[in-house]
$ cat target-v4.cif   # mmCIF, C-alpha atoms and all ligand atoms
data_final
loop_
_atom_site.label_atom_id
_atom_site.label_comp_id
_atom_site.auth_asym_id
_atom_site.auth_seq_id
_atom_site.Cartn_x
_atom_site.Cartn_y
_atom_site.Cartn_z
CA MET A 19 0.00 0.00 0.00
CA ALA A 20 1.52 3.33 -1.07
CA ASN A 21 -0.14 5.34 1.68
CA PRO A 22 2.59 6.31 4.20
CA SER A 23 0.12 6.38 7.09
CA TYR A 24 -0.78 2.72 6.68
CA ASN A 25 -0.89 0.78 9.94
CA ARG A 26 -1.71 -2.87 10.43
CA LYS A 27 -0.22 -3.48 13.84
CA GLY A 28 -2.05 -1.10 16.15
CA PHE A 29 -0.41 1.60 18.23
CA GLY A 30 1.10 -0.31 21.14
CA LEU A 31 -1.90 0.59 23.32
CA LYS A 32 -3.32 -2.89 23.60
CA ASP A 33 -2.79 -3.17 27.36
CA GLN A 34 -4.34 0.24 27.92
CA VAL A 35 -7.57 -0.51 26.03
CA ARG A 36 -7.90 -4.07 27.35
CA PRO A 37 -9.72 -3.25 30.62
CA GLU A 38 -12.25 -1.18 28.69
CA ILE A 39 -12.91 -4.03 26.25
CA VAL A 40 -13.21 -6.62 29.01
CA ALA A 41 -15.62 -4.41 30.98
CA GLU A 42 -17.71 -3.82 27.87
CA TYR A 43 -17.97 -7.27 26.34
CA ASP A 44 -16.90 -9.99 28.79
CA GLY A 45 -18.25 -11.28 32.02
CA GLY A 46 -21.69 -12.21 33.24
CA LEU A 47 -22.24 -15.92 33.71
CA ILE A 48 -19.69 -17.09 31.19
CA PRO A 49 -16.55 -17.42 33.36
CA GLN A 50 -18.54 -19.50 35.87
CA ILE A 51 -19.96 -21.77 33.16
CA ARG A 52 -16.47 -22.30 31.77
CA GLU A 53 -15.13 -23.18 35.20
CA GLN A 54 -17.93 -25.72 35.64
CA GLY A 55 -16.95 -27.63 32.52
CA TYR A 56 -19.30 -25.74 30.17
CA LYS A 57 -22.39 -26.93 32.02
CA TYR A 58 -24.66 -24.86 34.24
CA GLN A 59 -27.98 -25.39 35.93
CA ARG A 60 -30.41 -22.93 37.38
CA GLY A 61 -33.81 -24.14 38.50
CA ASN A 62 -34.99 -26.68 35.96
CA VAL A 63 -32.94 -25.30 33.09
CA THR A 64 -29.66 -27.02 32.28
CA VAL A 65 -27.35 -25.24 29.89
CA HIS A 66 -24.64 -26.85 27.81
CA LEU A 67 -22.26 -24.27 26.40
CA ALA A 68 -20.12 -25.16 23.39
CA GLU A 69 -16.47 -25.52 24.40
CA ALA A 70 -15.32 -23.04 21.76
CA PHE A 71 -17.51 -20.07 21.03
CA GLY A 72 -17.59 -16.29 20.81
CA PHE A 73 -14.85 -13.76 20.01
CA CYS A 74 -12.06 -15.26 17.92
CA TRP A 75 -8.51 -14.04 17.90
CA GLY A 76 -9.03 -12.04 14.68
CA VAL A 77 -12.12 -10.25 15.98
CA ASP A 78 -10.50 -9.54 19.32
CA ARG A 79 -7.54 -8.04 17.51
CA ALA A 80 -9.73 -5.91 15.20
CA VAL A 81 -11.81 -4.55 18.09
CA SER A 82 -8.67 -3.82 20.08
CA MET A 83 -7.14 -1.98 17.12
CA ALA A 84 -10.30 0.12 16.73
CA TYR A 85 -10.16 1.13 20.41
CA GLU A 86 -6.44 1.87 20.08
CA THR A 87 -7.12 4.01 17.01
CA ARG A 88 -9.65 6.10 18.95
CA ARG A 89 -7.07 6.68 21.68
CA HIS A 90 -4.26 7.39 19.26
CA TYR A 91 -6.30 9.90 17.27
CA PRO A 92 -8.58 11.47 19.91
CA ASP A 93 -9.42 14.52 17.79
CA LYS A 94 -9.57 13.07 14.30
CA THR A 95 -12.60 11.97 12.35
CA ILE A 96 -12.44 8.18 12.20
CA TRP A 97 -14.35 6.04 9.71
CA ILE A 98 -14.97 2.32 9.45
CA THR A 99 -15.77 0.83 6.07
CA ASN A 100 -19.19 -0.62 6.83
CA GLU A 101 -18.84 -2.80 9.97
CA ILE A 102 -15.61 -3.76 11.73
CA ILE A 103 -17.12 -7.14 12.60
CA HIS A 104 -20.61 -8.55 12.27
CA ASN A 105 -21.92 -7.68 15.69
CA PRO A 106 -24.52 -4.99 16.42
CA MET A 107 -23.39 -4.45 20.03
CA VAL A 108 -19.76 -3.83 19.09
CA ASN A 109 -20.69 -1.62 16.16
CA ALA A 110 -23.09 0.41 18.33
CA LYS A 111 -20.35 0.90 20.91
CA LEU A 112 -17.91 2.12 18.27
CA LYS A 113 -20.53 4.58 17.04
CA GLU A 114 -20.91 5.81 20.62
CA MET A 115 -17.14 6.41 20.63
CA GLY A 116 -17.66 8.80 17.72
CA ILE A 117 -16.45 6.43 15.01
CA LYS A 118 -18.41 6.92 11.81
CA PHE A 119 -19.53 4.11 9.52
CA LEU A 120 -19.26 4.26 5.76
CA ASP A 121 -22.60 2.97 4.60
CA LEU A 122 -23.47 0.85 1.61
CA ASP A 123 -24.38 2.59 -1.63
CA GLU A 124 -27.92 3.73 -2.47
CA GLN A 125 -28.88 0.31 -3.82
CA ASP A 126 -27.68 -1.27 -0.58
CA ASN A 127 -24.91 -2.78 -2.64
CA PRO A 128 -22.09 -4.02 -0.44
CA LYS A 129 -19.65 -4.02 -3.35
CA ILE A 130 -19.25 -0.26 -3.50
CA LYS A 131 -18.54 1.96 -0.56
CA ASP A 132 -18.61 5.71 -0.93
CA LEU A 133 -15.12 6.70 0.14
CA GLY A 134 -15.59 10.20 -1.32
CA ILE A 135 -17.11 11.29 1.96
CA VAL A 136 -13.80 10.71 3.79
CA GLY A 137 -12.01 14.01 4.26
CA GLU A 138 -8.31 14.77 3.98
CA GLY A 139 -6.67 14.21 7.35
CA ASP A 140 -9.28 11.65 8.44
CA VAL A 141 -8.60 8.09 9.58
CA VAL A 142 -10.12 4.97 7.98
CA ILE A 143 -10.29 1.60 9.75
CA LEU A 144 -10.51 -1.40 7.44
CA PRO A 145 -12.50 -4.32 8.88
CA ALA A 146 -11.37 -7.78 10.01
CA PHE A 147 -12.72 -9.36 6.83
CA GLY A 148 -10.62 -7.06 4.65
CA ALA A 149 -11.36 -4.45 2.00
CA ALA A 150 -11.68 -4.76 -1.76
CA VAL A 151 -8.75 -3.68 -3.94
CA LYS A 152 -10.79 -0.78 -5.37
CA GLU A 153 -11.47 0.55 -1.89
CA MET A 154 -7.79 0.35 -1.01
CA GLU A 155 -6.94 2.17 -4.25
CA ALA A 156 -9.48 4.89 -3.51
CA LEU A 157 -7.60 5.62 -0.29
CA GLU A 158 -4.15 5.63 -1.81
CA ASN A 159 -2.27 8.86 -2.42
CA ARG A 160 -4.56 10.77 -0.10
CA ASP A 161 -3.82 12.37 3.24
CA ILE A 162 -5.74 9.64 5.07
CA ALA A 163 -4.39 7.42 7.83
CA ILE A 164 -5.37 3.80 7.29
CA VAL A 165 -5.65 1.27 10.08
CA ASP A 166 -5.98 -2.15 8.52
CA THR A 167 -7.44 -4.78 10.86
CA THR A 168 -7.69 -7.49 8.17
CA CYS A 169 -7.37 -10.85 9.88
CA PRO A 170 -4.17 -12.70 8.90
CA TRP A 171 -6.30 -15.75 8.13
CA VAL A 172 -8.10 -13.76 5.46
CA ALA A 173 -4.75 -12.53 4.13
CA ARG A 174 -3.70 -16.19 3.87
CA VAL A 175 -6.55 -16.81 1.45
CA TRP A 176 -5.50 -13.75 -0.54
CA ASN A 177 -2.02 -15.29 -0.85
CA ARG A 178 -3.64 -18.43 -2.19
CA VAL A 179 -5.60 -16.42 -4.76
CA ALA A 180 -2.41 -14.56 -5.72
CA LYS A 181 -0.82 -17.94 -6.53
CA TYR A 182 -3.71 -18.79 -8.84
CA GLU A 183 -3.47 -15.34 -10.35
CA ASN A 184 0.25 -15.72 -11.08
CA ALA A 185 -0.31 -19.11 -12.69
CA ASN A 186 -3.28 -17.79 -14.70
CA PHE A 187 -5.75 -20.08 -12.97
CA THR A 188 -9.36 -19.17 -12.21
CA ALA A 189 -10.13 -18.91 -8.51
CA ILE A 190 -13.18 -20.93 -7.53
CA ILE A 191 -14.22 -19.31 -4.25
CA HIS A 192 -16.35 -21.31 -1.84
CA GLY A 193 -18.26 -18.50 -0.16
CA LYS A 194 -21.17 -16.09 -0.23
CA TYR A 195 -20.67 -13.72 -3.12
CA ALA A 196 -22.18 -10.72 -1.28
CA HIS A 197 -20.17 -11.22 1.92
CA GLU A 198 -17.52 -8.52 2.46
CA GLU A 199 -14.76 -11.06 2.90
CA THR A 200 -15.58 -12.82 -0.35
CA ILE A 201 -15.90 -9.49 -2.17
CA ALA A 202 -12.43 -8.55 -0.89
CA THR A 203 -11.00 -11.93 -1.88
CA ALA A 204 -12.64 -11.94 -5.32
CA SER A 205 -11.29 -8.44 -5.99
CA ARG A 206 -7.79 -9.95 -5.92
CA ALA A 207 -8.50 -12.29 -8.84
CA HIS A 208 -8.89 -11.18 -12.44
CA CYS A 209 -10.94 -14.32 -13.03
CA TYR A 210 -13.12 -15.95 -10.37
CA LEU A 211 -16.32 -17.84 -9.79
CA THR A 212 -18.00 -18.00 -6.39
CA VAL A 213 -19.91 -21.14 -5.43
CA LEU A 214 -22.08 -21.20 -2.33
CA ASN A 215 -22.09 -24.90 -1.59
CA LEU A 216 -21.38 -28.41 -2.81
CA GLU A 217 -24.53 -28.44 -4.91
CA GLU A 218 -23.42 -25.39 -6.91
CA ALA A 219 -19.91 -26.82 -7.19
CA GLN A 220 -21.37 -30.05 -8.58
CA TRP A 221 -23.36 -28.04 -11.12
CA VAL A 222 -20.16 -26.30 -12.28
CA CYS A 223 -18.27 -29.60 -12.46
CA ASP A 224 -21.05 -31.14 -14.56
CA TYR A 225 -20.68 -28.20 -16.92
CA ILE A 226 -16.92 -28.74 -17.09
CA LEU A 227 -17.37 -32.41 -17.96
CA HIS A 228 -20.44 -32.32 -20.17
CA GLY A 229 -20.77 -28.71 -21.35
CA GLY A 230 -24.10 -26.90 -21.36
CA ASP A 231 -25.85 -23.68 -22.17
CA LYS A 232 -23.47 -20.80 -21.49
CA ALA A 233 -26.33 -18.32 -21.05
CA VAL A 234 -27.93 -20.51 -18.41
CA PHE A 235 -24.59 -20.81 -16.63
CA LEU A 236 -24.04 -17.05 -16.61
CA ALA A 237 -27.58 -16.41 -15.41
CA LYS A 238 -27.23 -18.93 -12.58
CA PHE A 239 -24.04 -17.31 -11.33
CA GLU A 240 -25.04 -13.79 -12.30
CA HIS A 241 -23.48 -11.94 -9.37
CA ALA A 242 -20.87 -14.53 -8.60
CA HIS A 243 -18.29 -14.26 -11.37
CA SER A 244 -15.68 -11.88 -12.69
CA LEU A 245 -16.34 -9.52 -15.58
CA ASN A 246 -16.48 -11.21 -19.01
CA PHE A 247 -16.34 -14.65 -17.42
CA ASP A 248 -16.58 -17.36 -20.06
CA PRO A 249 -17.29 -20.80 -18.56
CA ASP A 250 -16.10 -22.50 -21.75
CA VAL A 251 -12.64 -20.97 -21.40
CA ASP A 252 -12.24 -19.90 -17.79
CA LEU A 253 -12.96 -23.29 -16.25
CA GLU A 254 -10.02 -25.01 -17.95
CA ARG A 255 -7.57 -24.16 -15.15
CA VAL A 256 -8.93 -23.78 -11.64
CA GLY A 257 -7.89 -23.61 -8.02
CA VAL A 258 -10.19 -23.55 -5.00
CA ALA A 259 -10.13 -20.85 -2.34
CA ASN A 260 -12.69 -20.10 0.32
CA GLN A 261 -14.28 -17.62 2.63
CA THR A 262 -12.57 -18.47 5.92
CA THR A 263 -15.83 -19.09 7.76
CA MET A 264 -17.50 -21.67 5.55
CA LEU A 265 -18.19 -25.24 6.68
CA GLN A 266 -14.77 -26.83 6.65
CA GLY A 267 -15.95 -30.26 5.50
CA GLU A 268 -17.77 -28.69 2.58
CA THR A 269 -14.74 -26.71 1.39
CA GLU A 270 -12.71 -29.93 1.46
CA GLN A 271 -15.39 -31.76 -0.51
CA ILE A 272 -15.52 -28.97 -3.09
CA GLY A 273 -11.74 -29.07 -3.50
CA LYS A 274 -11.82 -32.84 -4.01
CA LEU A 275 -14.73 -32.56 -6.42
CA PHE A 276 -12.86 -30.13 -8.67
CA GLU A 277 -9.72 -32.25 -8.46
CA ARG A 278 -11.66 -35.38 -9.49
CA THR A 279 -13.40 -33.47 -12.27
CA MET A 280 -10.12 -32.22 -13.75
CA LEU A 281 -8.62 -35.68 -13.38
CA GLU A 282 -11.51 -37.17 -15.30
CA LYS A 283 -11.40 -34.53 -18.00
CA TYR A 284 -7.66 -34.16 -18.55
CA GLY A 285 -6.12 -37.34 -17.09
CA PRO A 286 -3.46 -37.72 -14.36
CA GLN A 287 -0.53 -36.53 -16.49
CA ALA A 288 -2.10 -33.13 -17.13
CA LEU A 289 -3.83 -32.67 -13.75
CA SER A 290 -1.35 -30.11 -12.42
CA GLU A 291 -1.94 -27.95 -15.50
CA HIS A 292 -5.65 -27.79 -14.73
CA TYR A 293 -6.03 -27.96 -10.97
CA MET A 294 -4.15 -26.34 -8.11
CA SER A 295 -4.66 -27.65 -4.61
CA ALA A 296 -6.16 -25.22 -2.10
CA GLY A 297 -4.65 -26.44 1.13
CA ASP A 298 -6.62 -25.66 4.23
CA THR A 299 -7.67 -22.04 4.48
CA ILE A 300 -10.57 -22.39 6.91
CA CYS A 301 -9.40 -20.40 9.91
CA ASN A 302 -8.60 -22.14 13.20
CA ALA A 303 -11.29 -20.28 15.10
CA THR A 304 -14.01 -21.30 12.66
CA GLN A 305 -12.87 -24.88 12.79
CA GLU A 306 -12.74 -24.95 16.59
CA ARG A 307 -16.25 -23.50 16.85
CA GLN A 308 -17.61 -25.97 14.32
CA ASP A 309 -15.92 -28.88 16.10
CA ALA A 310 -17.31 -27.70 19.44
CA MET A 311 -20.78 -27.47 17.90
CA LEU A 312 -20.47 -31.01 16.54
CA LYS A 313 -19.65 -32.12 20.09
CA LEU A 314 -22.50 -30.08 21.56
CA VAL A 315 -25.09 -31.76 19.33
CA GLU A 316 -24.15 -35.13 20.82
CA GLU A 317 -25.83 -33.98 24.06
CA PRO A 318 -29.51 -34.86 24.65
CA LEU A 319 -30.69 -31.28 24.17
CA GLU A 320 -34.22 -30.10 23.65
CA LEU A 321 -33.25 -26.97 21.75
CA ILE A 322 -30.26 -24.90 20.75
CA ILE A 323 -29.69 -21.16 20.73
CA VAL A 324 -27.06 -19.82 18.34
CA VAL A 325 -26.07 -16.23 19.01
CA GLY A 326 -24.53 -13.89 16.46
CA GLY A 327 -25.09 -11.19 13.87
CA PHE A 328 -27.40 -12.23 11.04
CA ASN A 329 -24.78 -11.33 8.45
CA SER A 330 -22.17 -13.42 10.25
CA SER A 331 -21.28 -16.36 8.06
CA ASN A 332 -19.60 -18.44 10.77
CA THR A 333 -22.66 -18.02 13.03
CA SER A 334 -25.09 -19.22 10.38
CA HIS A 335 -22.92 -22.29 9.82
CA LEU A 336 -23.12 -23.16 13.53
CA HIS A 337 -26.89 -22.83 13.25
CA GLU A 338 -26.81 -25.09 10.20
CA ILE A 339 -24.94 -27.82 12.10
CA GLY A 340 -27.64 -27.89 14.79
CA LEU A 341 -30.45 -27.99 12.24
CA ARG A 342 -28.77 -30.76 10.25
CA GLN A 343 -28.69 -32.87 13.39
CA GLY A 344 -32.45 -32.41 13.68
CA PHE A 345 -32.44 -29.94 16.59
CA ARG A 346 -34.82 -27.09 17.14
CA SER A 347 -32.29 -24.29 16.72
CA TYR A 348 -32.82 -20.53 17.05
CA HIS A 349 -30.43 -17.97 15.60
CA ILE A 350 -30.79 -14.71 17.47
CA ASP A 351 -28.53 -11.70 17.87
CA SER A 352 -29.58 -10.22 21.20
CA PRO A 353 -31.70 -10.85 24.31
CA ASN A 354 -34.29 -8.48 22.86
CA ARG A 355 -35.35 -11.24 20.46
CA ILE A 356 -36.87 -13.12 23.42
CA GLY A 357 -40.27 -11.88 24.66
CA PRO A 358 -42.61 -10.38 25.40
CA GLY A 359 -43.85 -13.50 27.13
CA ASN A 360 -42.87 -16.90 25.77
CA ARG A 361 -42.06 -15.65 22.28
CA ILE A 362 -38.88 -15.69 20.23
CA GLU A 363 -38.08 -13.78 17.07
CA HIS A 364 -35.36 -15.57 15.17
CA LYS A 365 -33.76 -15.77 11.75
CA PRO A 366 -34.36 -18.98 9.82
CA LEU A 367 -31.36 -20.41 8.00
CA GLU A 368 -32.84 -19.86 4.57
CA ALA A 369 -33.51 -16.13 5.17
CA SER A 370 -30.79 -13.72 4.10
CA HIS A 371 -29.60 -11.33 6.78
CA ARG A 372 -32.04 -8.73 5.46
CA GLY A 373 -34.78 -11.36 5.08
CA PRO A 374 -37.79 -11.79 7.39
CA PHE A 375 -37.74 -13.13 10.92
CA THR A 376 -39.82 -16.03 12.11
CA VAL A 377 -41.77 -15.46 15.30
CA GLU A 378 -42.53 -18.49 17.44
CA GLU A 379 -44.83 -18.51 20.43
CA ASN A 380 -44.37 -20.93 23.35
CA TRP A 381 -40.87 -21.80 22.22
CA LEU A 382 -39.54 -22.53 25.71
CA PRO A 383 -41.15 -25.53 27.45
CA ALA A 384 -42.22 -25.14 31.05
CA HIS A 385 -40.92 -28.61 31.97
CA PRO A 386 -37.27 -29.28 32.96
CA VAL A 387 -35.25 -28.51 29.86
CA LYS A 388 -31.72 -28.95 28.55
CA ILE A 389 -30.58 -26.30 26.13
CA GLY A 390 -27.40 -25.92 24.12
CA ILE A 391 -25.91 -22.54 23.39
CA THR A 392 -23.07 -21.24 21.26
CA SER A 393 -22.08 -18.01 19.58
CA GLY A 394 -20.27 -16.89 16.47
CA ALA A 395 -16.76 -15.45 16.33
CA SER A 396 -17.94 -11.86 16.49
CA THR A 397 -20.25 -12.20 19.49
CA PRO A 398 -19.26 -10.80 22.89
CA ASP A 399 -19.69 -13.15 25.87
CA ARG A 400 -21.83 -10.50 27.51
CA VAL A 401 -24.59 -11.03 24.93
CA VAL A 402 -24.65 -14.81 25.51
CA SER A 403 -24.86 -14.25 29.24
CA GLU A 404 -27.74 -11.77 28.91
CA ILE A 405 -29.63 -14.24 26.73
CA LEU A 406 -29.20 -16.99 29.31
CA GLU A 407 -30.45 -14.72 32.08
CA LYS A 408 -33.53 -14.02 30.02
CA VAL A 409 -34.12 -17.73 29.42
CA PHE A 410 -33.83 -18.50 33.15
CA MET A 411 -36.22 -15.68 33.98
CA LEU A 412 -38.74 -16.83 31.39
CA HIS A 413 -38.61 -20.43 32.60
CA GLU A 414 -39.18 -19.30 36.16
CA MET A 415 -42.10 -17.17 35.03
CA LEU A 416 -43.66 -20.09 33.13
CA ASN A 417 -43.54 -22.21 36.25
CA ALA A 418 -44.72 -19.46 38.58
CA GLY A 419 -47.88 -18.94 36.52
S1 LIG A 501 -13.33 -15.94 12.10
FE1 LIG A 501 -11.25 -16.54 11.53
S2 LIG A 501 -10.80 -15.33 9.70
FE2 LIG A 501 -12.56 -14.39 10.69
S3 LIG A 501 -11.66 -12.83 12.00
FE3 LIG A 501 -11.89 -14.69 13.25
S4 LIG A 501 -9.88 -15.72 13.14
FE4 LIG A 501 -10.01 -14.23 11.45
#
$ encode --input "target-v4.cif" --output "structure tokens"
Amino acid sequence: MANPSYNRKGFGLKDQVRPEIVAEYDGGLIPQIREQGYKYQRGNVTVHLAEAFGFCWGVDRAVSMAYETRRHYPDKTIWITNEIIHNPMVNAKLKEMGIKFLDLDEQDNPKIKDLGIVGEGDVVILPAFGAAVKEMEALENRDIAIVDTTCPWVARVWNRVAKYENANFTAIIHGKYAHEETIATASRAHCYLTVLNLEEAQWVCDYILHGGDKAVFLAKFEHAHSLNFDPDVDLERVGVANQTTMLQGETEQIGKLFERTMLEKYGPQALSEHYMSAGDTICNATQERQDAMLKLVEEPLELIIVVGGFNSSNTSHLHEIGLRQGFRSYHIDSPNRIGPGNRIEHKPLEASHRGPFTVEENWLPAHPVKIGITSGASTPDRVVSEILEKVFMLHEMLNAG
């Protein structure tokens, strides 16, 4: 980055901002539940907490850097490109600290952020999931201090894409094409195709092997490919990359599927000319949380609560794991989604983050109940604790009446 005021390490104020962050986001019941082996009982409600949940290292680092930036530049106008992480509580707190958010464009299009509003001498914080190349370029050669909180795990994927780019391979990105991280990753490839899941990957591989209608292909992946993408040419040499927070097993399956497809089409001698191996670029934190969720669903639970922002990819995958195991699972982002009375407003898996909520009455049984709870990598412990307090209160109320 040509900008001389580019910072991606913070300002050495980590220890100073730590107490503030702990007071704001940690605490409540969580330390006690951890100490008790991730199990807690109050009245007739037994809670099983996933053994890995909540703030990941990358989010912790990004939040800390944002707090440090406020301290380092007490009088400057500070901007964040959209959200630093996908959590409403953290973003609201940063707004309270006077940090301004660069909104989406008029069409609510996450691809373009209006950086023209940033004044000379201002500070811009780039989020944990990274910024698109165009956004970085728009900030270059201006008198703007940049604090880049991009998680190193995301940067690892960018390195992977750079390898494909250098070898003139198309990057097949396993991710959500409208997610900021995937937008940032895709912006680093001249040629890419984003597939959401194994089903879409299979569709693409069928096209590679058997051909098909190019117009249908382009319509199906309308927002998910690079400019002038030609599936008849651009799928001859591919490598798989991913959004760091996808389901790990699925990314692996997609990688193997493309490898098998290229093997079948071009034969073993020519495989390396047509397929580059992805390696593992699912981040540790995502993997740990998914593994902990897989362990949690072995418990005899009556229902599961998954806590996290609705645009948080890793949270929705935790929710998906519970649902796949046949559990009643509720994805909520705050205690305010519970009540009034025995009512919960939650986001079904199939709804996009701007899609409608489902409201369910009488969701919590009055009888003795075992519930599982986990939270995504951008969720403060405080929120999980407040939700549990609300559940205990509701259960008590149901039995008092
Ligand atoms: S979920 Fe993983 S990639 Fe995302 S910020 Fe956390 S550690 Fe980094």
$ residues_around --input "target-v4.cif" --residues "Phe375 (chain A)" --least-positions-apart "5" --cutoff "8 Å" --atoms "all atoms listed in the file" --output "list in words"
Glu363, His364, Lys365, Pro366 and Ala369 of chain A
$ closest_residue --input "target-v4.cif" --among "A:Gln54, A:Thr87, A:Asn184, A:Ser396" --to "ligand LIG 501 (chain A)" --atoms "all atoms listed in the file"
A:Ser396
$ closest_residue --input "target-v4.cif" --among "A:Gln50, A:Thr167, A:Ser23, A:Asn329" --to "Thr99 (chain A)" --atoms "all atoms listed in the file"
A:Thr167
$ closest_residue --input "target-v4.cif" --among "A:Gly267, A:Pro386, A:Gly273, A:Pro170" --to "His335 (chain A)" --atoms "all atoms listed in the file"
A:Gly267
$ closest_residue --input "target-v4.cif" --among "A:Val175, A:Ile51, A:Leu382, A:Val141" --to "ligand LIG 501 (chain A)" --atoms "only C-alpha atoms and all ligand atoms"
A:Val175
$ atom_distance --input "target-v4.cif" --atom1 "CA of Glu317 (chain A)" --atom2 "CA of Pro398 (chain A)"
24.1 Å
$ closest_atom_pairs --input "target-v4.cif" --of "chain A" --to "ligand LIG 501 (chain A)" --cutoff "7 Å" --atoms "only C-alpha atoms and all ligand atoms" --output "CSV"
residue,atom,partner,partner_atom,distance
A:Cys74,CA,A:LIG501,FE3,4.7
A:Trp75,CA,A:LIG501,S4,5.2
A:Gly76,CA,A:LIG501,S3,3.8
A:Val77,CA,A:LIG501,S3,4.8
A:Ala146,CA,A:LIG501,S3,5.4
A:Phe147,CA,A:LIG501,S3,6.3
A:Cys169,CA,A:LIG501,FE4,4.6
A:Pro170,CA,A:LIG501,FE4,6.6
A:Trp171,CA,A:LIG501,S2,4.8
A:Val172,CA,A:LIG501,S2,5.3
A:Thr262,CA,A:LIG501,S2,5.2
A:Thr263,CA,A:LIG501,S1,5.9
A:Cys301,CA,A:LIG501,FE1,4.6
A:Asn302,CA,A:LIG501,FE1,6.4
A:Ala303,CA,A:LIG501,S4,5.2
A:Thr304,CA,A:LIG501,S1,5.4
A:Asn332,CA,A:LIG501,S1,6.9
A:Ala395,CA,A:LIG501,S1,5.5
$ write_last_selection --input "target-v4.cif" --atoms "C-alpha atoms" --output "PDB file, in the frame of the given file"
ATOM      1  CA  CYS A  74     -12.060 -15.260  17.920  1.00  0.00           C
ATOM      2  CA  TRP A  75      -8.510 -14.040  17.900  1.00  0.00           C
ATOM      3  CA  GLY A  76      -9.030 -12.040  14.680  1.00  0.00           C
ATOM      4  CA  VAL A  77     -12.120 -10.250  15.980  1.00  0.00           C
ATOM      5  CA  ALA A 146     -11.370  -7.780  10.010  1.00  0.00           C
ATOM      6  CA  PHE A 147     -12.720  -9.360   6.830  1.00  0.00           C
ATOM      7  CA  CYS A 169      -7.370 -10.850   9.880  1.00  0.00           C
ATOM      8  CA  PRO A 170      -4.170 -12.700   8.900  1.00  0.00           C
ATOM      9  CA  TRP A 171      -6.300 -15.750   8.130  1.00  0.00           C
ATOM     10  CA  VAL A 172      -8.100 -13.760   5.460  1.00  0.00           C
ATOM     11  CA  THR A 262     -12.570 -18.470   5.920  1.00  0.00           C
ATOM     12  CA  THR A 263     -15.830 -19.090   7.760  1.00  0.00           C
ATOM     13  CA  CYS A 301      -9.400 -20.400   9.910  1.00  0.00           C
ATOM     14  CA  ASN A 302      -8.600 -22.140  13.200  1.00  0.00           C
ATOM     15  CA  ALA A 303     -11.290 -20.280  15.100  1.00  0.00           C
ATOM     16  CA  THR A 304     -14.010 -21.300  12.660  1.00  0.00           C
ATOM     17  CA  ASN A 332     -19.600 -18.440  10.770  1.00  0.00           C
ATOM     18  CA  ALA A 395     -16.760 -15.450  16.330  1.00  0.00           C
TER      19      ALA A 395
END
$ closest_residue --input "target-v4.cif" --among "A:Thr188, A:Val63, A:Glu198, A:Glu183" --to "Asp248 (chain A)" --atoms "only C-alpha atoms"
A:Thr188
$ atom_distance --input "target-v4.cif" --atom1 "CA of Ala173 (chain A)" --atom2 "CA of Arg160 (chain A)"
23.7 Å
$ axis_aligned_box --input "target-v4.cif" --around "region 144-157 of chain A" --padding-each-side "3 Å" --output "AutoDock Vina command-line options"
--center_x -9.8 --center_y -1.9 --center_z 2.3 --size_x 11.8 --size_y 21.0 --size_z 21.4
